[in-house]
Amino acid sequence: MKKWQVRGSAAAFLLLLMAVAGRVTAPVYYLNDDVTMRSILSGACTGTPDGHAVYMKYPLTGLLAGLYRLTGKLGVSVPWFDLFLAGCVLLAGAGILAGCVEAAGEKRAGGRAAAALLGILFFAGLFLPHYLYLHYTIVAAILAGGALFLWEAGPGRALPVLLLVLCYQVRSQVFYLALPFLLVAVLDRGLEAARRRSGNLAAGIPLAVLALAVAVCWGVDRIGYGSEEWQSYREYNASRTSLYDYTDFLSTDRYRERYEELGLSLEQYQVLAHYDTVLDQEIDARVLDRTVTRLAALRGEAAGEGYLRQCLESYYRHVRYDGRPYSLVWAGGYGILLLLLAVHRRWDRLLLLGALLAGRSLIWVYLIAKGRFPERIWISLYLMELCLLLGMTLRESAGSREAWGWSKNRWVRAGIVSLGLALLCMTAAVELPRTAARAEEQQRKQAQWNLLTESLEAEENTFYLMDVFSAVAYAGEVYKKDSEQIMLLGGWLTQSPLVAQRLAAYDASDGAQALLHGQVRLIAAGDRDISWLEAYLAGRLGAVELKARESVSCGEDMEFVIYQLEDKNAAYPECRALSCQKDGLFTANVEES
């Protein structure tokens with residue numbers, strides 16, 4: 001078969017596999033971050049498709065928003081964002097499967113069949129679960145992993161460069177994490193070229209093209225976010241990330257009685273602690289940075305040597321106990337490649353393998369030390385490294401056939417292939433049922449959310465602000481439409497022009513003022529205590545009261561309560577002006593009152 005036929009067949013087979021798996025277990029999102037980005041791109045957030053998806057970059061997001069606008073004008077609903085992420089998984093998986101078959105050569109049908117099975121099991125065990133339980137960060141890692149594999153085992157560079165550029169567009173932080181692994185792949189190919197005395201200057205062209213493409217994308221993204229409003233938002237979002245992702249502010253109530261030491265008023269502390277930050281748009285980057293600084297002072301500085309030891313211990317425990325089955329495949333991959341290199345006496349590549357192990361350990365320990373080591377990050381690191389190891393193993397195997405002949409050490413190779421297949425089969429057998437169970441649990445939760453959104457459609461002109469912690473359990477379904485009536489009272493879109501645009505439709509600059517509008521309601525889970533919010537609104541707006549107007553039962557003892565803010569000063573405009581006074585400034589028009 002020709003190469004295009006192999007690659008086309010691989011893509012068609014994996015597309016069928018994804019369709020069957022998606023039919024058995026409907027794909028869902030891992031976090032609601034993806035759904036928020038989808039709502040921006042599709043127009044559900046503001047009413048108009050917009051390319052400012054924040055964590056994904058221009059020009060990709062501009063293209064997706066343009067597609068939503070085009071099909072919207074044609075009256076056709078197409079889930080472009082979902083199709084794009086699924087297509088990324090398919091593209092990387094098809095590249096790996098085709099690469100496995102091509103690396104086996106054309107002379108032995110048995111070898112090609114084993115290589116095809118290897119590629120299919122690799123996809124089924126390591127990629128397919130992350131299509132069923134989808135998250136853009138891990139999709140970026142899958143793109144990078146496919147590129148690393150093809151850089152090692154593939155003859156061409158166009159596809160791996162494309163995959164890396166897409167990785168940068170989807171999640172630039174993952175792209176930067178992939179660069180050390182890419183360096184290993186480049187050095188490995190350089191060692192091979194030196195051994196064959198086939199090096200040439202053209203080998204650096206793909207890297208130059210990659211650097212140029214990333215630089216162009218970076219520039220386009222800077223232009224897309226070049227306005228003063230978006231620059232201010234990015235500054236705020238960096239500060240928000242520092243507070244919520246790099247400190248223990250949300251995970252403990254130890255600061256409840258010490259908010260003044262953080263430089264916060266009681267009202268500001270309540271808003272930040274409940275993550276309903278849209279309520280007060282005056283909590284800006286300066287306030288957040290000051291809070292982070294004082295939190296660090298309250299916690300005290302950890303002793304460097306002792307803290308490093310703790311991080312090393314955490315790294316060891318994670319690799320040994322917590323990362324299964326990824327850690328088992330990782331250990332098996334290192335063992336297989338180590339055995340091959342030892343048998344073939346490739347001491348130069350053994351040194352490179354040792355450098356890879358040391359480098360990945362530094363990355364892991366650094367991320368653990370910085371507190372940036374959630375599941376989606378360590379899974380992403382495993383996926384990229386495993387793809388690189390697979391590519392190195394296949395290329396060493398192919399090189400050994402040329403240098404040593406098929407008959408020599410064939411029992412070693414047969415054992416290695418059998419071990420690799422067994423590891424990947426075990427991974428698929430563990431990961432697919434586990435992912436299906438997680439997806440089904442998420443689907444059960446989403447059924448509750450769907451009942452809520454369907455009940456709200458009867459009041460199509462009403463806009464609902466939702467307590468953040470009442471909504472965090474609901475991530476979203478793939479290939480579904482997002483509600484245009486609900487906006488969370490917090491999250492990473494706070495202070496963005498998109499939120500300002502939506503609130504401006506109700507003559508408000510923040511969520512507290514928006515609740516005064518007759519068409520705006522508050523939603524919270526029935527078991528959420530919102531007494532703090534009523535006290536906060538009374539402090540901000542004067543004599544107001546949150547009245548429960550309706551409860552929506554969503555099954556399994558789950559209900560949501562819809563509140564309306566009653567303004568008891570509505571008949572006295574002069575009281576309204578005075579009650580809106582804050583920090584010595586009037587936020588209402590006193591002259592009109």
# chains A, B, ... in the order shown; residues from 1 in each chain; ligands from 1
call {"tool": "closest_atom_pairs", "arguments": {"of": "stretch 154-186 of chain A", "to": "stretch 73-93 of chain A", "cutoff": "10 Å", "atoms": "only C-alpha atoms", "output": "CSV"}}
result
residue,atom,partner,partner_atom,distance
A:Leu159,CA,A:Ala92,CA,9.2
A:Pro160,CA,A:Ala92,CA,9.0
A:Leu163,CA,A:Ala92,CA,7.4
A:Leu166,CA,A:Cys88,CA,8.3
A:Cys167,CA,A:Cys88,CA,9.1
A:Val170,CA,A:Leu85,CA,9.0
call {"tool": "write_last_selection", "arguments": {"atoms": "N, CA and C atoms", "output": "PDB file, in the first residue's frame"}}
result
ATOM      1  N   LEU A 159       3.707  17.108   8.890  1.00  0.00           N
ATOM      2  CA  LEU A 159       2.645  16.789   9.840  1.00  0.00           C
ATOM      3  C   LEU A 159       3.059  17.073  11.282  1.00  0.00           C
ATOM      4  N   PRO A 160       4.251  16.657  11.737  1.00  0.00           N
ATOM      5  CA  PRO A 160       4.612  16.993  13.124  1.00  0.00           C
ATOM      6  C   PRO A 160       4.695  18.498  13.387  1.00  0.00           C
ATOM      7  N   LEU A 163       1.129  19.640  13.790  1.00  0.00           N
ATOM      8  CA  LEU A 163       0.589  19.221  15.080  1.00  0.00           C
ATOM      9  C   LEU A 163       1.119  20.098  16.214  1.00  0.00           C
ATOM     10  N   LEU A 166      -0.638  23.467  16.089  1.00  0.00           N
ATOM     11  CA  LEU A 166      -1.986  23.316  16.647  1.00  0.00           C
ATOM     12  C   LEU A 166      -1.931  23.202  18.166  1.00  0.00           C
ATOM     13  N   CYS A 167      -0.942  22.479  18.672  1.00  0.00           N
ATOM     14  CA  CYS A 167      -0.765  22.366  20.116  1.00  0.00           C
ATOM     15  C   CYS A 167      -0.572  23.747  20.734  1.00  0.00           C
ATOM     16  N   VAL A 170      -3.924  25.523  20.779  1.00  0.00           N
ATOM     17  CA  VAL A 170      -4.904  24.985  21.713  1.00  0.00           C
ATOM     18  C   VAL A 170      -4.516  25.302  23.152  1.00  0.00           C
TER      19      VAL A 170
END
call {"tool": "residues_around", "arguments": {"residues": "stretch 54-63 of chain A", "least_positions_apart": "5", "cutoff": "7 Å", "atoms": "only C-alpha atoms", "output": "number ranges by chain"}}
result
A: 169-171, 217, 220-221, 224
call {"tool": "select_by_dssp", "arguments": {"residues": "stretch 367-474 of chain A", "states": "helix (DSSP H, G or I)", "output": "PyMOL selection string"}}
result
chain A and resi 367-369+375-404+410-456+468-470
call {"tool": "closest_residue", "arguments": {"among": "A:Leu183, A:Leu143, A:Leu312, A:Ala331", "to": "A:Leu352", "atoms": "only C-alpha atoms"}}
result
A:Leu183
call {"tool": "closest_residue", "arguments": {"among": "A:Leu126, A:Ile523, A:Ile40, A:Leu187", "to": "A:Glu550", "atoms": "only C-alpha atoms"}}
result
A:Ile523
call {"tool": "residues_around", "arguments": {"residues": "A:Val214", "least_positions_apart": "2", "cutoff": "9 Å", "atoms": "only C-alpha atoms", "output": "list in words"}}
result
Leu164, Val165, Tyr168, Gln169, Val209, Leu210, Ala211, Leu212, Val216, Cys217, Trp218 and Gly219 of chain A
call {"tool": "closest_residue", "arguments": {"among": "A:Leu389, A:Val430, A:Leu264, A:Asp33", "to": "A:Trp151", "atoms": "only C-alpha atoms"}}
result
A:Leu389
call {"tool": "atom_distance", "arguments": {"atom1": "atom CA of A:Leu339", "atom2": "atom CA of A:Val365"}}
result
26.8 Å
call {"tool": "closest_residue", "arguments": {"among": "A:Arg189, A:Arg69, A:His318, A:Arg157", "to": "A:Ile205", "atoms": "only C-alpha atoms"}}
result
A:Arg157
call {"tool": "residues_around", "arguments": {"residues": "A:Thr277", "least_positions_apart": "2", "cutoff": "8 Å", "atoms": "only C-alpha atoms", "output": "PyMOL selection string"}}
result
chain A and resi 271-272+274-275+279-281+283+489-491+494
call {"tool": "write_last_selection", "arguments": {"atoms": "N, CA and C atoms", "output": "compact mmCIF listing (two decimals), in the first residue's frame"}}
result
# COMPACT_ATOMS: atom_id res chain seq x y z
N VAL A 271 -16.90 37.73 48.77
CA VAL A 271 -16.98 37.57 47.32
C VAL A 271 -15.88 36.66 46.80
N LEU A 272 -14.65 36.88 47.27
CA LEU A 272 -13.52 36.07 46.81
C LEU A 272 -13.62 34.64 47.30
N HIS A 274 -16.26 32.91 48.04
CA HIS A 274 -17.33 32.17 47.36
C HIS A 274 -17.16 32.16 45.85
N TYR A 275 -16.09 32.80 45.37
CA TYR A 275 -15.71 32.81 43.95
C TYR A 275 -16.76 33.49 43.06
N LEU A 279 -19.77 39.79 41.10
CA LEU A 279 -20.56 40.68 41.94
C LEU A 279 -19.90 42.04 42.13
N ASP A 280 -18.58 42.06 42.15
CA ASP A 280 -17.87 43.31 42.43
C ASP A 280 -16.70 43.46 41.46
N GLN A 281 -16.91 44.25 40.42
CA GLN A 281 -15.87 44.45 39.42
C GLN A 281 -14.75 45.36 39.91
N ILE A 283 -12.97 44.67 42.50
CA ILE A 283 -11.89 43.82 43.01
C ILE A 283 -10.97 43.54 41.83
N LEU A 489 -21.50 33.66 38.15
CA LEU A 489 -21.15 34.86 38.90
C LEU A 489 -19.66 34.97 39.18
N GLY A 490 -18.87 34.10 38.60
CA GLY A 490 -17.43 34.15 38.83
C GLY A 490 -16.71 33.31 37.80
N GLY A 491 -15.43 33.05 38.07
CA GLY A 491 -14.63 32.28 37.13
C GLY A 491 -13.65 33.17 36.40
N THR A 494 -14.39 36.79 34.67
CA THR A 494 -14.61 38.00 35.45
C THR A 494 -13.68 39.12 34.95
call {"tool": "atom_distance", "arguments": {"atom1": "atom CA of A:His517", "atom2": "atom CA of A:Asp276"}}
result
18.3 Å
